[in-house]
Amino acid sequence: MVRPDWPEDVVPLGLDTAPVPAYGTASLADLLPTLAAGQGVPGLRPAIPELTPADRNCVFLIDGLGWEQLRAHPDDAPYLTSLLAGSLGGTGRPLTAGFPATTATSLASFGTGLPPGAHGLPGYTARNPETGELMNQLRWKPWTSPRVWQPYPTVFQLADESGVHTAQVSSPTFRDTPLTTIALSGGTFHGRLTGEERMDLAAEQLAAGDRSLVYTYYSELDGKGHRFGIDSDAWRGQLMYVDRLVQRLAEQLPPRAALYVTADHGMIDIPFDEESRIDFDEDWELRAGVALLGGEGRARHVYAVPGAEADVLAVWREVLGDRFWIASRDEAIAAGWFGPRTDERVYRRIGDVVAAAHDDVVITASVNEPHESAMVGMHGSMTPVEQLVPLLEVRS
């Protein structure tokens, strides 16, 4: 089935051309196990050998601070820019976020030290095989038991149990969320409203133990990017602000401490035109045989009507294959998109078809996802602009 206006010489992107995240050596999931292993927490492996152990470690995760966006704005972030050459243990290289490059998945990878195929949050939304419903894994709707959905302990829990002083410093809004429970819990949660309060308290918590593991978080850079785009004054204003926050925290580090600044994903602005925004809800060809559309615009899980899996894969490849990497579930797993292993409980949460954007394009759903479809800045796929995140370091 070919569209009348579709070129006959379209060649689908080869799956071997997708830049799979560096799971096990330089991904976001490898950071906390490396730091905690250096503090003597048993059962964890120092997966990033470039990092030197410290007694006190603090990670400041800035939502949406992509490597390429940071490098493109040196005047707006002079302090962060001064740290770029020392990223990833002095190599000057970034980390990879993991696939999909989205907050729920990345925070779960970061907090558990596991790739998505193991922790089981494989996208912004994913099908619950037990109910057949789409589950929003950021907002945790519809409700399901957090510890059933993600049963593994967090690195913070393992560190706390081994005697490391462990704390999270974030917005009070996140104190009791399911995502915090399954990804970031362990030790003590401290809710503070302003960025300055979080930096000051993170420094205090870092000094509170001979061995400390502290996490702090800031979300508004991502929010401005989604609403206004990464070329907007609003986004650049937030970048200036987080630059000052990082410097404020760095100047308060206690002895024997290391501060790491990283992110959960980058971002790309998508034009508002028909070529760049493909509306699934208005496209009969893409909808044919599809029971549920999950994920997000640049990283889609496509759940087929039983028996239609092969047809859906063929049509999506034919229509989108030169702009998206289009894989069956088994192909995506075998290619390592979700990590080196996929647990049985996670297998059918992944789409029958997985579509990851290669070009500057998204698959929107104007009827079912009006808010998400109206966003300027998007993320999710494996392209460098979305996938690469910094790992900046300051030591006392």
# chains A, B, ... in the order shown; residues from 1 in each chain; ligands from 1

call {"tool": "residues_around", "arguments": {"residues": "Ser162 in chain A", "least_positions_apart": "3", "cutoff": "7 Å", "atoms": "only C-alpha atoms", "output": "JSON, numbers by chain"}}
result
{"A": [41, 158, 159]}

call {"tool": "select_by_dssp", "arguments": {"residues": "range 76-270 of chain A", "states": "strand (DSSP E)", "output": "ChimeraX atom specification"}}
result
/A:95-96,125-127,134-136,165-170,188-191,212-218,257-262,268-269

call {"tool": "write_last_selection", "arguments": {"atoms": "N, CA and C atoms", "output": "compact mmCIF listing (two decimals), in the first residue's frame"}}
result
# COMPACT_ATOMS: atom_id res chain seq x y z
N LEU A 95 27.30 11.66 28.22
CA LEU A 95 26.61 10.40 28.44
C LEU A 95 25.51 10.24 27.39
N THR A 96 24.99 9.02 27.27
CA THR A 96 23.76 8.81 26.51
C THR A 96 22.62 8.58 27.50
N THR A 125 4.22 6.83 27.53
CA THR A 125 3.08 5.94 27.78
C THR A 125 3.39 4.57 27.20
N ALA A 126 2.90 3.54 27.86
CA ALA A 126 3.11 2.17 27.41
C ALA A 126 1.90 1.33 27.80
N ARG A 127 1.65 0.31 27.04
CA ARG A 127 0.50 -0.56 27.34
C ARG A 127 0.78 -1.43 28.56
N LEU A 134 -3.37 1.98 28.07
CA LEU A 134 -2.14 2.76 28.05
C LEU A 134 -1.88 3.33 29.43
N MET A 135 -0.66 3.17 29.91
CA MET A 135 -0.27 3.71 31.21
C MET A 135 0.66 4.89 30.98
N ASN A 136 0.32 6.04 31.55
CA ASN A 136 1.20 7.19 31.52
C ASN A 136 2.19 7.03 32.67
N HIS A 165 25.00 8.11 53.90
CA HIS A 165 23.98 9.13 54.14
C HIS A 165 23.36 9.51 52.80
N THR A 166 22.07 9.25 52.66
CA THR A 166 21.40 9.36 51.36
C THR A 166 20.23 10.32 51.46
N ALA A 167 20.14 11.23 50.47
CA ALA A 167 19.07 12.22 50.51
C ALA A 167 18.69 12.67 49.11
N GLN A 168 17.42 13.03 48.96
CA GLN A 168 16.91 13.65 47.74
C GLN A 168 16.39 15.04 48.11
N VAL A 169 16.77 16.05 47.32
CA VAL A 169 16.33 17.43 47.54
C VAL A 169 15.65 17.89 46.27
N SER A 170 14.33 18.08 46.34
CA SER A 170 13.57 18.38 45.14
C SER A 170 12.33 19.17 45.50
N THR A 188 16.36 10.00 52.83
CA THR A 188 15.40 11.01 53.24
C THR A 188 15.10 11.97 52.10
N PHE A 189 13.81 12.25 51.90
CA PHE A 189 13.38 13.23 50.90
C PHE A 189 13.21 14.59 51.58
N HIS A 190 13.77 15.63 50.98
CA HIS A 190 13.65 16.99 51.49
C HIS A 190 13.02 17.86 50.42
N GLY A 191 11.83 18.38 50.67
CA GLY A 191 11.15 19.21 49.71
C GLY A 191 11.46 20.69 49.92
N SER A 212 28.32 10.31 51.63
CA SER A 212 27.00 10.86 51.31
C SER A 212 26.70 10.68 49.83
N LEU A 213 25.41 10.44 49.54
CA LEU A 213 24.92 10.37 48.17
C LEU A 213 23.66 11.22 48.11
N VAL A 214 23.74 12.35 47.41
CA VAL A 214 22.66 13.34 47.40
C VAL A 214 22.23 13.59 45.97
N TYR A 215 20.92 13.70 45.79
CA TYR A 215 20.32 13.99 44.48
C TYR A 215 19.49 15.25 44.57
N THR A 216 19.62 16.13 43.59
CA THR A 216 18.74 17.28 43.49
C THR A 216 18.34 17.49 42.04
N TYR A 217 17.25 18.21 41.83
CA TYR A 217 16.58 18.20 40.52
C TYR A 217 15.95 19.55 40.24
N TYR A 218 15.93 19.91 38.94
CA TYR A 218 15.27 21.14 38.52
C TYR A 218 14.57 20.86 37.19
N ALA A 257 34.34 15.96 48.26
CA ALA A 257 33.04 15.87 47.57
C ALA A 257 33.21 16.05 46.07
N ALA A 258 32.28 15.43 45.36
CA ALA A 258 32.19 15.60 43.91
C ALA A 258 30.75 15.94 43.55
N LEU A 259 30.59 16.96 42.71
CA LEU A 259 29.28 17.33 42.16
C LEU A 259 29.25 16.94 40.69
N TYR A 260 28.18 16.23 40.31
CA TYR A 260 27.98 15.86 38.91
C TYR A 260 26.69 16.51 38.42
N VAL A 261 26.77 17.18 37.28
CA VAL A 261 25.62 17.82 36.66
C VAL A 261 25.28 17.05 35.39
N THR A 262 24.05 16.57 35.32
CA THR A 262 23.64 15.79 34.16
C THR A 262 22.19 16.09 33.83
N ILE A 268 14.54 19.05 20.81
CA ILE A 268 14.58 19.60 19.47
C ILE A 268 13.27 20.32 19.19
N ASP A 269 13.34 21.48 18.55
CA ASP A 269 12.14 22.21 18.16
C ASP A 269 11.63 21.67 16.82

call {"tool": "closest_residue", "arguments": {"among": "A:Phe324, A:Ser366, A:Glu372, A:Glu309", "to": "Ala18 in chain A", "atoms": "only C-alpha atoms"}}
result
A:Phe324

call {"tool": "select_by_dssp", "arguments": {"residues": "range 165-389 of chain A", "states": "alpha helix (DSSP H)", "output": "ChimeraX atom specification"}}
result
/A:178-183,195-207,220-228,233-250,284-287,309-320,329-334,344-347,370-373,384-387

call {"tool": "write_last_selection", "arguments": {"atoms": "C-alpha atoms", "output": "PDB file, in the first residue's frame"}}
result
ATOM      1  CA  PRO A 178       4.909   6.703  42.288  1.00  0.00           C
ATOM      2  CA  LEU A 179       7.798   7.659  40.007  1.00  0.00           C
ATOM      3  CA  THR A 180       9.778   8.897  43.008  1.00  0.00           C
ATOM      4  CA  THR A 181       8.908   5.698  44.872  1.00  0.00           C
ATOM      5  CA  ILE A 182      10.150   3.326  42.185  1.00  0.00           C
ATOM      6  CA  ALA A 183      13.104   5.371  40.902  1.00  0.00           C
ATOM      7  CA  GLY A 195      16.201  26.439  43.299  1.00  0.00           C
ATOM      8  CA  GLU A 196      18.402  28.373  45.709  1.00  0.00           C
ATOM      9  CA  GLU A 197      16.918  26.541  48.698  1.00  0.00           C
ATOM     10  CA  ARG A 198      17.584  23.215  47.009  1.00  0.00           C
ATOM     11  CA  MET A 199      21.219  24.070  46.281  1.00  0.00           C
ATOM     12  CA  ASP A 200      21.864  25.201  49.853  1.00  0.00           C
ATOM     13  CA  LEU A 201      20.190  22.156  51.386  1.00  0.00           C
ATOM     14  CA  ALA A 202      21.896  19.765  48.963  1.00  0.00           C
ATOM     15  CA  ALA A 203      25.250  21.133  50.120  1.00  0.00           C
ATOM     16  CA  GLU A 204      24.202  20.687  53.771  1.00  0.00           C
ATOM     17  CA  GLN A 205      23.102  17.114  53.162  1.00  0.00           C
ATOM     18  CA  LEU A 206      26.316  16.353  51.322  1.00  0.00           C
ATOM     19  CA  ALA A 207      28.287  17.439  54.394  1.00  0.00           C
ATOM     20  CA  GLU A 220      11.655  24.269  34.522  1.00  0.00           C
ATOM     21  CA  LEU A 221      14.223  24.292  31.708  1.00  0.00           C
ATOM     22  CA  ASP A 222      12.365  21.350  30.184  1.00  0.00           C
ATOM     23  CA  GLY A 223       9.008  23.033  30.744  1.00  0.00           C
ATOM     24  CA  LYS A 224      10.037  26.197  28.911  1.00  0.00           C
ATOM     25  CA  GLY A 225      11.499  24.158  26.076  1.00  0.00           C
ATOM     26  CA  HIS A 226       8.283  22.222  25.560  1.00  0.00           C
ATOM     27  CA  ARG A 227       6.135  25.343  25.626  1.00  0.00           C
ATOM     28  CA  PHE A 228       8.292  27.902  23.824  1.00  0.00           C
ATOM     29  CA  ASP A 233      14.059  33.838  25.330  1.00  0.00           C
ATOM     30  CA  ALA A 234      12.130  31.930  28.010  1.00  0.00           C
ATOM     31  CA  TRP A 235      14.317  28.844  27.554  1.00  0.00           C
ATOM     32  CA  ARG A 236      17.537  30.848  27.507  1.00  0.00           C
ATOM     33  CA  GLY A 237      16.443  32.666  30.658  1.00  0.00           C
ATOM     34  CA  GLN A 238      16.036  29.332  32.415  1.00  0.00           C
ATOM     35  CA  LEU A 239      19.451  28.217  31.189  1.00  0.00           C
ATOM     36  CA  MET A 240      20.987  31.356  32.698  1.00  0.00           C
ATOM     37  CA  TYR A 241      19.229  30.579  35.965  1.00  0.00           C
ATOM     38  CA  VAL A 242      20.387  26.956  36.185  1.00  0.00           C
ATOM     39  CA  ASP A 243      23.914  28.107  35.363  1.00  0.00           C
ATOM     40  CA  ARG A 244      23.807  30.274  38.494  1.00  0.00           C
ATOM     41  CA  LEU A 245      22.304  27.427  40.535  1.00  0.00           C
ATOM     42  CA  VAL A 246      25.099  25.036  39.609  1.00  0.00           C
ATOM     43  CA  GLN A 247      27.741  27.603  40.525  1.00  0.00           C
ATOM     44  CA  ARG A 248      25.967  28.296  43.828  1.00  0.00           C
ATOM     45  CA  LEU A 249      26.057  24.610  44.745  1.00  0.00           C
ATOM     46  CA  ALA A 250      29.623  24.113  43.527  1.00  0.00           C
ATOM     47  CA  TRP A 284      -6.210   6.514   7.946  1.00  0.00           C
ATOM     48  CA  GLU A 285      -3.212   4.621   6.617  1.00  0.00           C
ATOM     49  CA  LEU A 286      -1.182   4.765   9.819  1.00  0.00           C
ATOM     50  CA  ARG A 287      -4.261   4.002  11.928  1.00  0.00           C
ATOM     51  CA  GLU A 309       1.195  -6.916  13.558  1.00  0.00           C
ATOM     52  CA  ALA A 310       2.998  -7.724  10.300  1.00  0.00           C
ATOM     53  CA  ASP A 311       0.714  -5.486   8.224  1.00  0.00           C
ATOM     54  CA  VAL A 312       1.135  -2.540  10.596  1.00  0.00           C
ATOM     55  CA  LEU A 313       4.919  -2.947  10.524  1.00  0.00           C
ATOM     56  CA  ALA A 314       4.912  -3.049   6.718  1.00  0.00           C
ATOM     57  CA  VAL A 315       2.727   0.061   6.345  1.00  0.00           C
ATOM     58  CA  TRP A 316       4.643   2.107   8.910  1.00  0.00           C
ATOM     59  CA  ARG A 317       7.917   1.209   7.210  1.00  0.00           C
ATOM     60  CA  GLU A 318       6.491   2.079   3.809  1.00  0.00           C
ATOM     61  CA  VAL A 319       5.050   5.414   4.891  1.00  0.00           C
ATOM     62  CA  LEU A 320       7.630   6.588   7.435  1.00  0.00           C
ATOM     63  CA  ARG A 329       9.284  -5.376  19.016  1.00  0.00           C
ATOM     64  CA  ASP A 330      11.726  -8.249  18.616  1.00  0.00           C
ATOM     65  CA  GLU A 331      13.943  -6.259  16.255  1.00  0.00           C
ATOM     66  CA  ALA A 332      14.131  -3.309  18.658  1.00  0.00           C
ATOM     67  CA  ILE A 333      14.981  -5.617  21.561  1.00  0.00           C
ATOM     68  CA  ALA A 334      17.582  -7.505  19.539  1.00  0.00           C
ATOM     69  CA  GLU A 344       9.564 -11.017  30.592  1.00  0.00           C
ATOM     70  CA  ARG A 345       7.217  -8.706  32.476  1.00  0.00           C
ATOM     71  CA  VAL A 346       8.371  -5.804  30.248  1.00  0.00           C
ATOM     72  CA  TYR A 347       8.229  -7.572  26.883  1.00  0.00           C
ATOM     73  CA  PRO A 370      -3.887  17.652  22.315  1.00  0.00           C
ATOM     74  CA  HIS A 371      -1.483  19.018  24.937  1.00  0.00           C
ATOM     75  CA  GLU A 372       1.515  16.986  23.795  1.00  0.00           C
ATOM     76  CA  SER A 373       0.731  17.677  20.129  1.00  0.00           C
ATOM     77  CA  PRO A 384      22.369  13.186  19.290  1.00  0.00           C
ATOM     78  CA  VAL A 385      20.313  16.297  20.016  1.00  0.00           C
ATOM     79  CA  GLU A 386      17.958  14.212  22.198  1.00  0.00           C
ATOM     80  CA  GLN A 387      20.205  11.412  23.360  1.00  0.00           C
TER      81      GLN A 387
END

call {"tool": "closest_residue", "arguments": {"among": "A:Leu28, A:Ala374, A:Val155, A:Ile62", "to": "Leu80 in chain A", "atoms": "only C-alpha atoms"}}
result
A:Ile62

call {"tool": "closest_residue", "arguments": {"among": "A:Pro33, A:Pro254, A:Gly266, A:Pro94", "to": "Met378 in chain A", "atoms": "only C-alpha atoms"}}
result
A:Gly266

call {"tool": "residues_around", "arguments": {"residues": "Gly339 in chain A", "least_positions_apart": "3", "cutoff": "7 Å", "atoms": "only C-alpha atoms", "output": "number ranges by chain"}}
result
A: 23, 115-117, 336

call {"tool": "residues_around", "arguments": {"residues": "Gly38 in chain A", "least_positions_apart": "6", "cutoff": "12 Å", "atoms": "only C-alpha atoms", "output": "PyMOL selection string"}}
result
chain A and resi 31-32+44-57+159+164+211-213+258
